[in-house]
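Chemist: Data file coords28.pdb (PDB, C-alpha atoms and all ligand atoms) is appended below.
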ATOM      1  CA  MET A1077       3.062 -13.861 -19.273  1.00  0.00           C
ATOM      2  CA  VAL A1078       0.194 -11.566 -20.105  1.00  0.00           C
ATOM      3  CA  THR A1079      -1.954 -13.116 -22.834  1.00  0.00           C
ATOM      4  CA  ARG A1080      -5.056 -10.979 -22.611  1.00  0.00           C
ATOM      5  CA  ILE A1081      -5.779  -7.370 -21.673  1.00  0.00           C
ATOM      6  CA  VAL A1082      -9.368  -6.302 -21.222  1.00  0.00           C
ATOM      7  CA  ALA A1083     -10.226  -2.615 -21.172  1.00  0.00           C
ATOM      8  CA  THR A1084     -13.277  -1.741 -19.122  1.00  0.00           C
ATOM      9  CA  ARG A1085     -15.233   1.375 -18.448  1.00  0.00           C
ATOM     10  CA  ASN A1086     -14.611   3.131 -15.142  1.00  0.00           C
ATOM     11  CA  ILE A1087     -17.898   2.869 -13.227  1.00  0.00           C
ATOM     12  CA  ALA A1088     -16.811   4.881 -10.171  1.00  0.00           C
ATOM     13  CA  SER A1089     -19.251   7.590  -9.142  1.00  0.00           C
ATOM     14  CA  ASN A1090     -16.422  10.125  -9.519  1.00  0.00           C
ATOM     15  CA  PRO A1091     -14.247   8.627 -12.296  1.00  0.00           C
ATOM     16  CA  ALA A1092     -11.961  11.657 -12.409  1.00  0.00           C
ATOM     17  CA  ARG A1093     -10.775  10.822  -8.883  1.00  0.00           C
ATOM     18  CA  HIS A1094     -11.348   7.066  -8.505  1.00  0.00           C
ATOM     19  CA  PHE A1095     -11.712   3.911 -10.534  1.00  0.00           C
ATOM     20  CA  GLU A1096     -13.965   0.928 -10.149  1.00  0.00           C
ATOM     21  CA  ILE A1097     -14.088  -2.095 -12.427  1.00  0.00           C
ATOM     22  CA  ASP A1098     -17.568  -3.302 -13.287  1.00  0.00           C
ATOM     23  CA  PRO A1099     -17.855  -6.409 -11.078  1.00  0.00           C
ATOM     24  CA  GLN A1100     -19.929  -8.211 -13.724  1.00  0.00           C
ATOM     25  CA  ILE A1101     -17.141  -7.828 -16.291  1.00  0.00           C
ATOM     26  CA  LEU A1102     -14.582  -9.009 -13.746  1.00  0.00           C
ATOM     27  CA  PHE A1103     -16.755 -11.990 -12.830  1.00  0.00           C
ATOM     28  CA  ASP A1104     -17.352 -12.892 -16.493  1.00  0.00           C
ATOM     29  CA  HIS A1105     -13.631 -12.932 -17.271  1.00  0.00           C
ATOM     30  CA  MET A1106     -12.766 -14.926 -14.165  1.00  0.00           C
ATOM     31  CA  ARG A1107     -15.439 -17.482 -15.111  1.00  0.00           C
ATOM     32  CA  SER A1108     -14.158 -17.620 -18.694  1.00  0.00           C
ATOM     33  CA  ALA A1109     -10.617 -18.259 -17.430  1.00  0.00           C
ATOM     34  CA  ARG A1110     -11.825 -20.979 -15.059  1.00  0.00           C
ATOM     35  CA  GLU A1111     -13.773 -22.692 -17.837  1.00  0.00           C
ATOM     36  CA  SER A1112     -10.760 -22.519 -20.159  1.00  0.00           C
ATOM     37  CA  ASN A1113      -8.546 -24.000 -17.444  1.00  0.00           C
ATOM     38  CA  THR A1114     -11.078 -26.772 -16.816  1.00  0.00           C
ATOM     39  CA  ARG A1115     -11.223 -27.643 -20.526  1.00  0.00           C
ATOM     40  CA  SER A1116      -7.432 -27.702 -20.870  1.00  0.00           C
ATOM     41  CA  GLY A1117      -6.845 -29.505 -17.570  1.00  0.00           C
ATOM     42  CA  LYS A1118      -4.226 -26.959 -16.507  1.00  0.00           C
ATOM     43  CA  ILE A1119      -4.154 -23.468 -15.080  1.00  0.00           C
ATOM     44  CA  SER A1120      -3.129 -21.434 -18.074  1.00  0.00           C
ATOM     45  CA  LEU A1121      -5.314 -18.372 -17.488  1.00  0.00           C
ATOM     46  CA  ARG A1122      -5.670 -16.353 -14.319  1.00  0.00           C
ATOM     47  CA  LEU A1123      -6.315 -12.749 -13.428  1.00  0.00           C
ATOM     48  CA  MET A1124      -2.886 -11.219 -12.855  1.00  0.00           C
ATOM     49  CA  GLY A1125      -3.959  -7.708 -11.954  1.00  0.00           C
ATOM     50  CA  HIS A1126      -5.301  -4.510 -13.362  1.00  0.00           C
ATOM     51  CA  TYR A1127      -4.252  -1.110 -14.558  1.00  0.00           C
ATOM     52  CA  HIS A1128      -5.576   2.388 -14.203  1.00  0.00           C
ATOM     53  CA  SER A1129      -4.328   5.902 -14.772  1.00  0.00           C
ATOM     54  CA  HIS A1130      -3.507   8.765 -12.474  1.00  0.00           C
ATOM     55  CA  PRO A1131      -4.213  11.970 -14.336  1.00  0.00           C
ATOM     56  CA  ASN A1132      -2.260  13.915 -11.700  1.00  0.00           C
ATOM     57  CA  GLY A1133       1.044  12.688 -13.183  1.00  0.00           C
ATOM     58  CA  LEU A1134       2.066  10.587 -10.177  1.00  0.00           C
ATOM     59  CA  ALA A1135       2.527   6.857 -10.737  1.00  0.00           C
ATOM     60  CA  VAL A1136       2.218   6.158  -7.040  1.00  0.00           C
ATOM     61  CA  PRO A1137      -0.609   4.175  -5.423  1.00  0.00           C
ATOM     62  CA  SER A1138      -3.115   6.387  -3.677  1.00  0.00           C
ATOM     63  CA  GLU A1139      -4.753   5.846  -0.307  1.00  0.00           C
ATOM     64  CA  ALA A1140      -7.879   4.743  -2.201  1.00  0.00           C
ATOM     65  CA  ASP A1141      -5.757   2.190  -4.110  1.00  0.00           C
ATOM     66  CA  LEU A1142      -4.437   0.831  -0.828  1.00  0.00           C
ATOM     67  CA  ARG A1143      -7.949   0.517   0.622  1.00  0.00           C
ATOM     68  CA  ALA A1144      -9.022  -1.427  -2.490  1.00  0.00           C
ATOM     69  CA  ALA A1145      -6.025  -3.785  -2.544  1.00  0.00           C
ATOM     70  CA  HIS A1146      -7.708  -6.959  -1.276  1.00  0.00           C
ATOM     71  CA  ASP A1147      -5.940  -9.532  -3.462  1.00  0.00           C
ATOM     72  CA  PRO A1148      -2.317  -9.911  -2.319  1.00  0.00           C
ATOM     73  CA  ALA A1149      -1.405 -11.557  -5.635  1.00  0.00           C
ATOM     74  CA  ALA A1150      -2.831  -8.827  -7.859  1.00  0.00           C
ATOM     75  CA  ILE A1151      -0.442  -6.604  -9.776  1.00  0.00           C
ATOM     76  CA  TRP A1152      -1.408  -2.952  -9.882  1.00  0.00           C
ATOM     77  CA  VAL A1153      -0.106  -1.091 -12.920  1.00  0.00           C
ATOM     78  CA  ILE A1154      -0.472   2.664 -12.682  1.00  0.00           C
ATOM     79  CA  ALA A1155      -0.112   4.911 -15.692  1.00  0.00           C
ATOM     80  CA  ALA A1156       0.739   8.469 -14.737  1.00  0.00           C
ATOM     81  CA  VAL A1157      -0.362  10.883 -17.386  1.00  0.00           C
ATOM     82  CA  THR A1158       1.267  14.275 -17.816  1.00  0.00           C
ATOM     83  CA  GLY A1159       0.172  15.922 -21.027  1.00  0.00           C
ATOM     84  CA  LYS A1160       1.212  13.468 -23.725  1.00  0.00           C
ATOM     85  CA  ASP A1161       3.740  11.679 -21.489  1.00  0.00           C
ATOM     86  CA  VAL A1162       2.828   8.428 -19.751  1.00  0.00           C
ATOM     87  CA  ALA A1163       4.920   6.759 -17.069  1.00  0.00           C
ATOM     88  CA  LEU A1164       4.137   3.162 -16.046  1.00  0.00           C
ATOM     89  CA  ARG A1165       4.964   1.612 -12.689  1.00  0.00           C
ATOM     90  CA  ALA A1166       3.789  -1.675 -11.187  1.00  0.00           C
ATOM     91  CA  PHE A1167       3.093  -2.595  -7.583  1.00  0.00           C
ATOM     92  CA  VAL A1168       1.873  -5.499  -5.474  1.00  0.00           C
ATOM     93  CA  PRO A1169       0.166  -5.235  -2.099  1.00  0.00           C
ATOM     94  CA  ASP A1170       2.633  -5.899   0.710  1.00  0.00           C
ATOM     95  CA  GLY A1171       0.928  -5.800   4.089  1.00  0.00           C
ATOM     96  CA  ALA A1172      -0.308  -2.279   4.736  1.00  0.00           C
ATOM     97  CA  ALA A1173       1.520  -0.792   1.759  1.00  0.00           C
ATOM     98  CA  PHE A1174       2.492  -1.478  -1.849  1.00  0.00           C
ATOM     99  CA  ARG A1175       5.842  -2.776  -3.030  1.00  0.00           C
ATOM    100  CA  GLU A1176       7.046  -1.739  -6.464  1.00  0.00           C
ATOM    101  CA  ILE A1177       7.965  -4.494  -8.902  1.00  0.00           C
ATOM    102  CA  PRO A1178       9.861  -4.090 -12.160  1.00  0.00           C
ATOM    103  CA  ILE A1179       8.091  -3.946 -15.492  1.00  0.00           C
ATOM    104  CA  LEU A1180      10.108  -6.045 -17.921  1.00  0.00           C
TER     105      LEU A1180
HETATM  106 ZN    ZN B1201      -4.726   4.760  -8.319  1.00  0.00          ZN
END
Can the structure in the file be given as structure tokens, please?
Modeler:
Amino acid sequence: MVTRIVATRNIASNPARHFEIDPQILFDHMRSARESNTRSGKISLRLMGHYHSHPNGLAVPSEADLRAAHDPAAIWVIAAVTGKDVALRAFVPDGAAFREIPIL
């Protein structure tokens, strides 16, 4: 269950074509989750994945997405934007490709 969504600025050198999460923000949230889990004595918070948009209207992972998919447990949600329409699809890394998973 998703309990927290954190929006971050895209720090990629060419944000119109790529995305990059500020590693300090990612680190801070992972540390906060670990500290919360330590206090509670159970793993209740963990990074489940991330989302980004594809302004080209295709909710399909790009080659750049595949090269950046290092965490096999991370869920990649892609929002394809076409005008005012947004289509969401979710994927997980599966070997050398992505496998789509349902969004419930
Ligand atoms: Zn992408």
Chemist: How would you report the residues lying within 12 Å of ligand ZN 1201 (chain B), as a ChimeraX atom specification, if you count all atoms listed in the file?
Modeler: /A:1091-1096,1126-1145,1152-1157,1164-1167,1174
Chemist: Env of range 1169-1173 of chain A: 8 Å cut, atoms = only C-alpha atoms, seq-sep filter 4 positions within chain, self excluded. Answer as a list in words.
Modeler: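 What passes the distance filter is Leu1142, Ala1145, Asp1147, Pro1148, Ala1149, Ala1150 and Ile1151 of chain A.
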Chemist: When the PyMOL selection byres (((chain A and resi 1105) around 12) and not hetatm) is applied to the file above, which residues end up in the set, as a PDB file with C-alpha atoms, in the coordinates of the input?
Modeler:
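Listing of out_2.pdb after writing:
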ATOM      1  CA  ARG A1080      -5.056 -10.979 -22.611  1.00  0.00           C
ATOM      2  CA  ILE A1081      -5.779  -7.370 -21.673  1.00  0.00           C
ATOM      3  CA  VAL A1082      -9.368  -6.302 -21.222  1.00  0.00           C
ATOM      4  CA  ALA A1083     -10.226  -2.615 -21.172  1.00  0.00           C
ATOM      5  CA  THR A1084     -13.277  -1.741 -19.122  1.00  0.00           C
ATOM      6  CA  ILE A1097     -14.088  -2.095 -12.427  1.00  0.00           C
ATOM      7  CA  ASP A1098     -17.568  -3.302 -13.287  1.00  0.00           C
ATOM      8  CA  PRO A1099     -17.855  -6.409 -11.078  1.00  0.00           C
ATOM      9  CA  GLN A1100     -19.929  -8.211 -13.724  1.00  0.00           C
ATOM     10  CA  ILE A1101     -17.141  -7.828 -16.291  1.00  0.00           C
ATOM     11  CA  LEU A1102     -14.582  -9.009 -13.746  1.00  0.00           C
ATOM     12  CA  PHE A1103     -16.755 -11.990 -12.830  1.00  0.00           C
ATOM     13  CA  ASP A1104     -17.352 -12.892 -16.493  1.00  0.00           C
ATOM     14  CA  MET A1106     -12.766 -14.926 -14.165  1.00  0.00           C
ATOM     15  CA  ARG A1107     -15.439 -17.482 -15.111  1.00  0.00           C
ATOM     16  CA  SER A1108     -14.158 -17.620 -18.694  1.00  0.00           C
ATOM     17  CA  ALA A1109     -10.617 -18.259 -17.430  1.00  0.00           C
ATOM     18  CA  ARG A1110     -11.825 -20.979 -15.059  1.00  0.00           C
ATOM     19  CA  GLU A1111     -13.773 -22.692 -17.837  1.00  0.00           C
ATOM     20  CA  SER A1112     -10.760 -22.519 -20.159  1.00  0.00           C
ATOM     21  CA  LEU A1121      -5.314 -18.372 -17.488  1.00  0.00           C
ATOM     22  CA  ARG A1122      -5.670 -16.353 -14.319  1.00  0.00           C
ATOM     23  CA  LEU A1123      -6.315 -12.749 -13.428  1.00  0.00           C
ATOM     24  CA  MET A1124      -2.886 -11.219 -12.855  1.00  0.00           C
TER      25      MET A1124
END
Chemist: As an exercise, work out the distance from CA of Arg1175 in chain A to CA of His1146 in chain A in Å and give it to one decimal place.
Modeler: 14.3 Å
Chemist: Using CA of Ala1163 in chain A and CA of Ile1179 in chain A as the two end points, give the distance in Å to one decimal.
Modeler: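 These atoms are spaced 11.3 Å apart.
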Chemist: Suppose you want the space between CA of Ser1120 in chain A and CA of Met1077 in chain A; what is it in Å?
Modeler: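 That distance, rounded to one decimal, is 9.9 Å.
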